[in-house]
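Student: mmCIF, C-alpha atoms and all ligand atoms, file data_32.cif:
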```cif
data_target
loop_
_atom_site.label_atom_id
_atom_site.label_comp_id
_atom_site.auth_asym_id
_atom_site.auth_seq_id
_atom_site.Cartn_x
_atom_site.Cartn_y
_atom_site.Cartn_z
CA MET A 425 1.90 84.56 -64.59
CA ALA A 426 -0.64 84.67 -61.80
CA TYR A 427 -2.30 81.55 -60.45
CA GLU A 428 -6.11 81.49 -60.56
CA VAL A 429 -7.51 79.84 -57.43
CA ARG A 430 -10.60 79.92 -55.19
CA GLY A 431 -10.59 81.91 -51.97
CA VAL A 432 -13.01 83.12 -49.28
CA VAL A 433 -13.61 86.86 -49.47
CA ALA A 434 -15.35 89.32 -47.13
CA ARG A 435 -16.56 92.13 -49.40
CA GLY A 436 -18.15 94.42 -46.85
CA LYS A 437 -18.89 94.96 -43.19
CA GLY A 438 -21.22 92.27 -41.86
CA GLN A 439 -21.84 90.77 -45.31
CA PRO A 440 -21.75 86.99 -45.63
CA VAL A 441 -18.45 85.79 -47.07
CA THR A 442 -18.30 84.43 -50.62
CA VAL A 443 -16.01 82.02 -52.46
CA GLU A 444 -14.42 83.93 -55.32
CA THR A 445 -11.79 83.48 -57.98
CA ILE A 446 -8.60 85.17 -56.83
CA LEU A 447 -5.32 85.82 -58.59
CA VAL A 448 -2.10 84.94 -56.78
CA PRO A 449 1.04 86.39 -58.39
CA ASP A 450 4.26 84.49 -58.86
CA PRO A 451 6.48 85.08 -55.83
CA GLY A 452 8.72 88.12 -56.05
CA PRO A 453 12.00 88.61 -54.15
CA GLY A 454 11.68 87.24 -50.60
CA GLU A 455 8.19 85.86 -51.23
CA ALA A 456 6.75 82.34 -51.33
CA VAL A 457 3.57 80.78 -52.69
CA VAL A 458 2.13 78.06 -50.46
CA ASP A 459 -0.40 75.41 -51.47
CA ILE A 460 -2.73 75.49 -48.49
CA GLN A 461 -3.75 72.10 -47.12
CA ALA A 462 -5.77 73.21 -44.08
CA CYS A 463 -6.81 76.46 -42.43
CA GLY A 464 -8.68 76.91 -39.14
CA VAL A 465 -11.55 79.36 -38.65
CA CYS A 466 -10.48 81.82 -35.94
CA HIS A 467 -12.63 84.40 -34.20
CA THR A 468 -10.34 87.06 -35.68
CA ASP A 469 -11.64 86.16 -39.18
CA LEU A 470 -15.09 87.01 -37.93
CA HIS A 471 -13.73 90.26 -36.40
CA TYR A 472 -12.44 91.18 -39.90
CA ARG A 473 -15.80 90.35 -41.49
CA GLU A 474 -17.54 92.51 -38.87
CA GLY A 475 -15.25 95.46 -39.62
CA GLY A 476 -13.77 95.17 -36.12
CA ILE A 477 -10.13 95.21 -37.28
CA ASN A 478 -10.11 97.85 -40.02
CA ASP A 479 -12.07 98.94 -43.08
CA ASP A 480 -9.72 97.66 -45.78
CA PHE A 481 -12.35 95.53 -47.53
CA PRO A 482 -12.33 93.25 -49.47
CA PHE A 483 -10.49 90.84 -47.17
CA LEU A 484 -9.15 87.46 -48.18
CA LEU A 485 -9.86 85.62 -44.92
CA GLY A 486 -8.07 82.71 -43.23
CA HIS A 487 -4.79 82.85 -41.35
CA GLU A 488 -4.38 79.64 -39.32
CA ALA A 489 -2.86 77.42 -41.93
CA ALA A 490 -0.42 74.75 -42.95
CA GLY A 491 0.60 73.71 -46.44
CA VAL A 492 3.43 73.00 -48.81
CA VAL A 493 5.68 75.60 -50.42
CA SER A 494 5.05 75.47 -54.17
CA ALA A 495 7.18 78.37 -55.43
CA VAL A 496 9.77 80.74 -53.98
CA GLY A 497 11.06 84.08 -55.21
CA GLU A 498 14.57 85.40 -55.59
CA GLY A 499 16.76 85.35 -52.51
CA VAL A 500 14.61 82.99 -50.44
CA THR A 501 16.83 80.73 -48.35
CA ASN A 502 14.75 79.62 -45.34
CA VAL A 503 12.43 77.32 -47.32
CA VAL A 504 12.47 75.37 -50.57
CA VAL A 505 9.70 74.01 -52.79
CA GLY A 506 8.14 70.96 -51.12
CA ASP A 507 8.69 72.06 -47.50
CA PHE A 508 5.78 71.49 -45.13
CA VAL A 509 5.19 74.77 -43.33
CA VAL A 510 2.91 76.46 -40.83
CA LEU A 511 2.21 80.07 -41.78
CA ASN A 512 2.84 82.79 -39.21
CA TRP A 513 1.75 86.42 -39.09
CA ARG A 514 4.92 87.70 -37.39
CA ALA A 515 7.83 87.31 -39.81
CA VAL A 516 10.48 89.11 -37.80
CA CYS A 517 12.65 91.73 -39.51
CA GLY A 518 15.82 91.28 -37.48
CA GLN A 519 16.60 95.00 -37.74
CA CYS A 520 14.03 97.05 -35.84
CA ARG A 521 14.71 98.36 -32.33
CA ALA A 522 12.95 95.36 -30.72
CA CYS A 523 14.87 92.85 -32.82
CA LEU A 524 18.15 94.64 -32.15
CA LYS A 525 17.50 94.29 -28.42
CA GLY A 526 17.07 90.55 -28.94
CA GLU A 527 13.33 90.73 -28.32
CA LEU A 528 12.26 89.33 -31.66
CA GLN A 529 8.82 88.37 -30.37
CA TYR A 530 8.02 92.10 -30.21
CA CYS A 531 9.35 92.90 -33.73
CA PHE A 532 7.82 96.23 -34.75
CA ASN A 533 8.37 95.76 -38.48
CA THR A 534 7.14 92.27 -39.33
CA HIS A 535 7.08 91.30 -43.00
CA ASN A 536 4.28 90.39 -45.38
CA ALA A 537 4.37 89.81 -49.14
CA ALA A 538 5.05 93.04 -51.05
CA GLN A 539 2.82 92.09 -54.00
CA LYS A 540 -0.97 92.02 -53.75
CA MET A 541 -3.35 89.18 -54.46
CA THR A 542 -6.43 90.42 -56.33
CA LEU A 543 -9.96 89.55 -57.36
CA ALA A 544 -10.38 88.53 -61.01
CA ASP A 545 -11.22 92.16 -61.91
CA GLY A 546 -7.94 93.37 -60.42
CA THR A 547 -9.35 94.71 -57.11
CA GLU A 548 -6.60 94.38 -54.51
CA LEU A 549 -7.34 92.07 -51.58
CA SER A 550 -6.29 92.62 -47.97
CA PRO A 551 -5.21 89.23 -46.70
CA ALA A 552 -6.27 88.62 -43.07
CA LEU A 553 -3.20 89.12 -40.85
CA GLY A 554 -1.10 89.29 -44.02
CA ILE A 555 -1.88 85.65 -44.83
CA GLY A 556 -5.25 84.99 -46.54
CA ALA A 557 -5.29 81.21 -46.40
CA PHE A 558 -8.90 80.26 -47.03
CA ALA A 559 -7.58 79.77 -50.54
CA GLU A 560 -6.00 77.00 -52.57
CA LYS A 561 -2.78 79.02 -52.77
CA THR A 562 -1.60 82.11 -51.00
CA LEU A 563 1.31 84.52 -51.34
CA VAL A 564 3.34 85.38 -48.23
CA HIS A 565 6.74 86.66 -47.22
CA SER A 566 9.06 83.66 -46.96
CA GLY A 567 9.66 84.56 -43.29
CA GLN A 568 5.99 83.76 -42.71
CA CYS A 569 6.73 80.11 -43.51
CA THR A 570 7.93 78.01 -40.58
CA LYS A 571 9.07 74.49 -41.38
CA VAL A 572 7.72 71.78 -39.09
CA ASP A 573 7.81 67.97 -39.04
CA PRO A 574 5.65 66.80 -41.99
CA ALA A 575 4.48 63.83 -39.90
CA ALA A 576 1.93 66.17 -38.30
CA PRO A 577 -1.41 66.42 -40.14
CA ALA A 578 -2.01 69.86 -41.65
CA THR A 579 -5.41 70.15 -39.93
CA ALA A 580 -3.73 70.09 -36.52
CA ALA A 581 -0.42 71.79 -37.34
CA GLY A 582 -2.13 74.75 -39.03
CA LEU A 583 -3.84 75.73 -35.78
CA LEU A 584 -0.46 76.73 -34.41
CA GLY A 585 -0.53 79.54 -36.96
CA CYS A 586 -2.81 81.60 -34.75
CA GLY A 587 -5.29 80.63 -32.04
CA VAL A 588 -3.50 77.72 -30.42
CA MET A 589 -0.16 79.52 -30.42
CA ALA A 590 -1.80 82.68 -29.06
CA GLY A 591 -3.38 80.73 -26.21
CA VAL A 592 -0.41 78.53 -25.35
CA GLY A 593 1.92 81.50 -25.57
CA ALA A 594 -0.36 83.65 -23.40
CA ALA A 595 0.24 81.08 -20.67
CA ILE A 596 3.85 79.99 -21.18
CA ASN A 597 5.42 83.12 -22.71
CA THR A 598 3.44 86.21 -21.68
CA GLY A 599 2.07 84.87 -18.41
CA ALA A 600 5.27 82.86 -17.78
CA VAL A 601 3.29 80.26 -15.83
CA ARG A 602 5.56 78.19 -13.61
CA ARG A 603 5.28 74.76 -12.02
CA GLY A 604 2.86 74.76 -9.10
CA GLU A 605 1.16 78.04 -9.95
CA THR A 606 -2.57 78.76 -10.08
CA VAL A 607 -4.10 79.97 -13.33
CA ALA A 608 -7.57 81.13 -14.43
CA VAL A 609 -8.56 81.30 -18.08
CA PHE A 610 -11.61 83.37 -19.06
CA GLY A 611 -13.25 82.26 -22.30
CA CYS A 612 -12.74 78.66 -23.38
CA GLY A 613 -12.78 78.83 -27.15
CA GLY A 614 -9.81 77.70 -29.21
CA VAL A 615 -7.58 80.38 -27.70
CA GLY A 616 -8.69 79.89 -24.10
CA ASP A 617 -8.43 76.10 -24.22
CA ALA A 618 -4.97 76.45 -25.69
CA ALA A 619 -4.11 78.65 -22.69
CA VAL A 620 -5.47 75.90 -20.43
CA ALA A 621 -3.31 73.33 -22.25
CA GLY A 622 -0.32 75.70 -22.05
CA ALA A 623 -0.80 76.16 -18.31
CA LYS A 624 -0.87 72.38 -17.92
CA LEU A 625 2.28 72.02 -20.04
CA ALA A 626 4.01 74.57 -17.82
CA GLY A 627 3.08 72.62 -14.69
CA ALA A 628 0.30 74.73 -13.15
CA THR A 629 -1.45 72.72 -10.47
CA THR A 630 -4.73 74.64 -10.33
CA ILE A 631 -6.24 75.61 -13.69
CA ILE A 632 -9.66 77.27 -13.47
CA ALA A 633 -11.65 77.54 -16.69
CA VAL A 634 -14.32 80.26 -16.84
CA ASP A 635 -16.96 80.52 -19.55
CA ILE A 636 -20.66 81.28 -19.93
CA ASP A 637 -21.32 78.04 -21.81
CA ASP A 638 -21.29 74.70 -19.98
CA ARG A 639 -20.29 72.78 -23.12
CA LYS A 640 -17.15 74.89 -23.36
CA LEU A 641 -16.36 74.16 -19.73
CA GLU A 642 -16.64 70.41 -20.35
CA TRP A 643 -14.18 70.70 -23.25
CA ALA A 644 -11.82 72.79 -21.15
CA LYS A 645 -11.50 69.87 -18.71
CA GLN A 646 -10.19 67.72 -21.55
CA PHE A 647 -7.37 70.22 -22.05
CA GLY A 648 -6.40 70.24 -18.39
CA ALA A 649 -8.80 72.48 -16.45
CA THR A 650 -8.90 71.26 -12.86
CA HIS A 651 -11.94 73.41 -11.98
CA THR A 652 -14.65 75.17 -13.98
CA VAL A 653 -16.81 78.22 -13.30
CA ASN A 654 -19.88 79.25 -15.28
CA SER A 655 -19.67 83.02 -14.94
CA LYS A 656 -23.28 83.46 -16.05
CA GLU A 657 -24.41 81.66 -12.92
CA THR A 658 -21.63 82.34 -10.43
CA ASP A 659 -19.52 85.41 -9.69
CA PRO A 660 -16.20 84.23 -11.15
CA VAL A 661 -14.06 86.46 -8.93
CA GLU A 662 -15.57 85.02 -5.75
CA ALA A 663 -15.46 81.47 -7.12
CA ILE A 664 -11.79 81.81 -8.09
CA ARG A 665 -10.88 83.26 -4.70
CA ALA A 666 -12.72 80.40 -3.00
CA LEU A 667 -10.71 77.88 -5.04
CA THR A 668 -7.39 79.54 -4.18
CA GLY A 669 -7.52 79.87 -0.40
CA GLY A 670 -9.22 83.28 -0.66
CA PHE A 671 -6.36 84.90 -2.57
CA GLY A 672 -6.90 84.68 -6.32
CA VAL A 673 -4.73 83.13 -9.01
CA ASP A 674 -1.11 83.79 -9.89
CA VAL A 675 -2.01 84.26 -13.55
CA ALA A 676 -5.40 85.38 -14.93
CA ILE A 677 -5.84 85.19 -18.71
CA ASP A 678 -8.61 87.05 -20.57
CA ALA A 679 -9.25 85.08 -23.76
CA VAL A 680 -12.51 86.85 -24.59
CA GLY A 681 -11.52 90.47 -25.27
CA HIS A 682 -14.32 92.24 -23.44
CA PRO A 683 -13.84 94.96 -20.77
CA ALA A 684 -16.17 93.21 -18.30
CA VAL A 685 -14.15 90.01 -18.60
CA PHE A 686 -10.85 91.86 -18.31
CA GLU A 687 -12.12 93.40 -15.09
CA GLN A 688 -12.99 89.95 -13.73
CA ALA A 689 -9.51 88.75 -14.62
CA PHE A 690 -8.00 91.81 -12.96
CA TYR A 691 -9.77 91.16 -9.65
CA ALA A 692 -9.41 87.36 -9.78
CA ARG A 693 -5.63 87.38 -9.48
CA ASP A 694 -3.56 87.31 -6.33
CA LEU A 695 -1.41 90.25 -5.19
CA ALA A 696 1.63 90.58 -7.44
CA GLY A 697 -0.03 88.27 -9.95
CA ARG A 698 -0.06 88.64 -13.71
CA VAL A 699 -3.07 89.55 -15.88
CA VAL A 700 -2.78 88.64 -19.54
CA MET A 701 -5.08 90.05 -22.21
CA VAL A 702 -5.05 87.79 -25.27
CA GLY A 703 -8.67 88.28 -26.38
CA VAL A 704 -8.92 91.15 -28.86
CA PRO A 705 -11.12 94.12 -27.90
CA THR A 706 -12.95 96.03 -30.62
CA PRO A 707 -12.28 99.73 -31.24
CA GLY A 708 -14.32 101.84 -28.87
CA MET A 709 -14.13 99.47 -25.90
CA GLU A 710 -12.80 101.11 -22.74
CA ILE A 711 -11.56 99.82 -19.42
CA THR A 712 -11.93 101.87 -16.22
CA LEU A 713 -10.19 100.73 -13.06
CA PRO A 714 -9.52 102.50 -9.75
CA ALA A 715 -5.89 103.64 -9.99
CA ILE A 716 -5.27 102.62 -6.40
CA GLU A 717 -6.21 99.02 -7.28
CA LEU A 718 -3.82 99.10 -10.21
CA PHE A 719 -1.04 100.31 -7.95
CA GLY A 720 -1.95 98.48 -4.78
CA ARG A 721 -2.19 95.03 -6.29
CA GLY A 722 1.24 95.18 -7.87
CA GLY A 723 2.18 92.54 -10.39
CA ALA A 724 1.82 92.96 -14.12
CA ILE A 725 -0.80 93.61 -16.76
CA LYS A 726 0.32 92.42 -20.15
CA SER A 727 -1.25 92.07 -23.54
CA SER A 728 -0.26 89.08 -25.57
CA TRP A 729 0.12 89.39 -29.31
CA TYR A 730 0.33 85.95 -30.81
CA GLY A 731 1.30 84.59 -27.40
CA ASP A 732 4.59 86.50 -27.64
CA CYS A 733 5.74 83.58 -29.74
CA LEU A 734 8.75 83.19 -31.92
CA PRO A 735 7.44 80.94 -34.69
CA SER A 736 10.88 79.50 -35.47
CA ARG A 737 11.27 78.45 -31.83
CA ASP A 738 7.71 77.63 -30.80
CA PHE A 739 6.01 75.98 -33.81
CA PRO A 740 8.45 73.08 -34.23
CA MET A 741 8.56 72.61 -30.44
CA LEU A 742 4.76 72.28 -30.17
CA VAL A 743 4.58 70.01 -33.23
CA ASP A 744 7.23 67.77 -31.68
CA LEU A 745 5.38 67.67 -28.35
CA TYR A 746 2.20 66.84 -30.23
CA LEU A 747 3.86 64.00 -32.15
CA GLN A 748 5.18 62.66 -28.84
CA GLY A 749 1.64 62.66 -27.42
CA ARG A 750 2.42 65.44 -24.95
CA PHE A 751 0.31 68.22 -26.43
CA PRO A 752 -3.29 67.64 -27.64
CA LEU A 753 -3.15 69.66 -30.85
CA GLU A 754 -5.67 67.60 -32.80
CA GLU A 755 -8.27 67.85 -30.03
CA PHE A 756 -8.85 71.44 -31.09
CA VAL A 757 -10.23 70.26 -34.44
CA SER A 758 -14.03 69.99 -34.00
CA GLU A 759 -14.81 69.43 -37.68
CA THR A 760 -13.29 69.67 -41.12
CA ILE A 761 -15.18 71.63 -43.78
CA GLY A 762 -14.86 72.85 -47.36
CA LEU A 763 -14.11 76.41 -48.52
CA ASP A 764 -17.79 77.04 -49.11
CA ALA A 765 -18.73 76.39 -45.46
CA VAL A 766 -16.82 79.24 -43.77
CA GLU A 767 -19.92 81.38 -43.26
CA GLU A 768 -21.66 78.41 -41.63
CA ALA A 769 -18.57 77.89 -39.46
CA PHE A 770 -18.87 81.49 -38.22
CA THR A 771 -22.43 80.75 -37.16
CA LYS A 772 -21.34 77.60 -35.33
CA MET A 773 -18.47 79.46 -33.65
CA HIS A 774 -20.84 82.20 -32.59
CA ALA A 775 -23.26 79.64 -31.17
CA GLY A 776 -20.41 77.90 -29.35
CA ASP A 777 -20.94 74.62 -31.22
CA VAL A 778 -17.28 74.21 -32.21
CA LEU A 779 -13.81 74.85 -30.91
CA ARG A 780 -12.27 74.98 -34.37
CA SER A 781 -13.77 74.32 -37.77
CA VAL A 782 -10.89 73.60 -40.12
CA VAL A 783 -11.13 74.16 -43.86
CA VAL A 784 -9.44 71.34 -45.75
CA LEU A 785 -8.29 72.02 -49.31
N1 LIG B 801 -3.92 88.00 -29.15
C1 LIG B 801 -3.84 87.24 -30.21
O1 LIG B 801 -2.78 87.13 -30.81
C2 LIG B 801 -5.06 86.48 -30.66
C3 LIG B 801 -4.94 85.45 -31.60
C4 LIG B 801 -6.10 84.75 -31.97
C5 LIG B 801 -7.33 85.11 -31.44
N2 LIG B 801 -7.41 86.14 -30.55
C6 LIG B 801 -8.67 86.55 -29.94
O2 LIG B 801 -8.96 85.71 -28.84
C7 LIG B 801 -10.36 85.73 -28.61
C8 LIG B 801 -10.90 84.32 -28.53
O3 LIG B 801 -10.76 83.69 -29.79
P1 LIG B 801 -11.39 82.24 -30.05
O4 LIG B 801 -11.04 81.89 -31.44
O5 LIG B 801 -11.03 81.33 -28.93
O6 LIG B 801 -12.95 82.60 -29.98
P2 LIG B 801 -14.19 81.66 -29.61
O7 LIG B 801 -15.39 82.39 -30.08
O8 LIG B 801 -13.94 80.28 -30.10
O9 LIG B 801 -14.17 81.60 -28.01
C9 LIG B 801 -14.62 82.63 -27.17
C10 LIG B 801 -15.13 81.98 -25.88
O10 LIG B 801 -15.45 83.01 -24.94
C11 LIG B 801 -16.65 82.67 -24.29
N3 LIG B 801 -17.24 83.89 -23.78
C12 LIG B 801 -17.94 84.86 -24.44
N4 LIG B 801 -18.31 85.83 -23.60
C13 LIG B 801 -17.84 85.49 -22.37
C14 LIG B 801 -17.91 86.09 -21.09
N5 LIG B 801 -18.54 87.25 -20.91
N6 LIG B 801 -17.30 85.46 -20.05
C15 LIG B 801 -16.66 84.27 -20.24
N7 LIG B 801 -16.57 83.65 -21.44
C16 LIG B 801 -17.16 84.25 -22.48
C17 LIG B 801 -17.47 81.97 -25.35
O11 LIG B 801 -18.49 81.16 -24.78
C18 LIG B 801 -16.39 81.14 -26.06
O12 LIG B 801 -16.23 79.88 -25.47
C19 LIG B 801 -10.96 86.57 -29.74
O13 LIG B 801 -11.12 87.90 -29.27
C20 LIG B 801 -9.90 86.50 -30.80
O14 LIG B 801 -9.95 87.59 -31.70
C21 LIG B 801 -6.29 86.80 -30.14
ZN ZN B 802 12.07 93.56 -36.07
ZN ZN B 803 -6.51 84.02 -35.47
#
```
In structure tokens, write the structure found in this file.
Tutor:
Amino acid sequence: MAYEVRGVVARGKGQPVTVETILVPDPGPGEAVVDIQACGVCHTDLHYREGGINDDFPFLLGHEAAGVVSAVGEGVTNVVVGDFVVLNWRAVCGQCRACLKGELQYCFNTHNAAQKMTLADGTELSPALGIGAFAEKTLVHSGQCTKVDPAAPATAAGLLGCGVMAGVGAAINTGAVRRGETVAVFGCGGVGDAAVAGAKLAGATTIIAVDIDDRKLEWAKQFGATHTVNSKETDPVEAIRALTGGFGVDVAIDAVGHPAVFEQAFYARDLAGRVVMVGVPTPGMEITLPAIELFGRGGAIKSSWYGDCLPSRDFPMLVDLYLQGRFPLEEFVSETIGLDAVEEAFTKMHAGDVLRSVVVL
């Protein structure tokens, strides 16, 4: 029998989201139902609402969540009822060509629940990133559940499920920031500040935060930025070169997802440096660069899906560091809100008033 719960649905492109009754089926083989305790509002939810990801409306939004497993289907062995879990959107298959090479973070066949959640009238929902956690309960593949220390509050732990992990991972996994390196992070929202915090964790000595909003730059300092640049007022490439002996940074991270910002990141790095694109561009955006610059500067240009994380390795590690006071997970939580305030949270995010609004259920 299906569970009847409330969830936040985006019915059409650009339309305000609504709280609706949704039906969550009992878990089938390999699936789990999770009682959501908290779910952060990520810019990607807004991308879905804007039709920037795909056109599979209606979407059940929310994907940055923690909660407690309330039911498991046949054959589930990695979690049991009562486990405190952070949901992930990369449940690795273990069998695709990436997994077989031991590169599970690139898994090309990640799992989601096979059954569909629906609206009360039976219309199938597309859960954001295969999760859909702005809801009292959600149905996922059991591999999407990563057990972490229940001592961590769900409001903070849930953020690892997307934005914070993407940002931290962009620095420590994709960018492979090392002790003593210089790093620039463009865009200091939840993802960018997590990249700042990740660069600090990895031991970077110069961490330059770039944003067009001075409030964001102030917050970035709290996460470890050693310098800030308002790129509305100052040319960020020149400013970054000036702060790095004229050379540019070892690692430049684009946490905005706009071609103009990517170009700044490209030119703000040192020779043989790494550029990491973690911000998500929308379809239709194009990047044009002189090929000789691409070749001549050497180094690497990498995109970072989910911070190239392995949830089973990285979520418990970051929760443990947080509980030891070594990673500021709860500082990403700007406010806690109810399910009915997601649309308002989008407005605040757009206006730059919050780092993360977190829905508490
Ligand atoms: N790769 C992934 O796995 C992954 C995961 C989560 C989110 N994302 C993406 O990361 C991006 C950031 O997400 P977020 O939740 O931090 O969003 P956010 O809206 O909270 O933050 C974006 C920040 O960029 C700043 N900004 C906007 N235009 C700028 C410009 N031209 N130059 C410098 N800064 C600028 C804004 O002031 C804001 O501080 C989004 O594109 C989101 O979809 C990617
Ligand atoms: Zn795989
Ligand atoms: Zn997200």
Student: Could I get the residue neighbourhood of ligand LIG 801 (chain B) at 8 Å, counting only C-alpha atoms and all ligand atoms, as number ranges by chain?
Tutor: A: 465-469, 471, 586-591, 610-617, 634-637, 640, 654-656, 679-682, 684-685, 701-705, 727-731, 773-774, 776, 778-780
Student: Report as number ranges by chain which protein, DNA and RNA residues come within 6 Å of ligand ZN 802 (chain B), using only C-alpha atoms and all ligand atoms.
Tutor: A: 516-520, 522-523, 531-533
Student: Tell me, as a PyMOL selection string, which residues lie within 8 Å of A:Ala595, counting all atoms listed in the file; anything in the same chain fewer than 4 positions away does not count.
Tutor: chain A and resi 591+599-601+619-620+622-623+677+731
Student: Figure out the distance between atom CA of A:Arg514 and atom CA of A:Trp643, please, to one decimal in Å.
Tutor: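 Straight-line distance from atom CA of A:Trp643 to atom CA of A:Arg514 works out to 29.2 Å.
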Student: How many Å separate atom CA of A:Ala578 from atom CA of A:Val458?
Tutor: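 Atom CA of A:Val458 lies at a distance of 12.7 Å from atom CA of A:Ala578.
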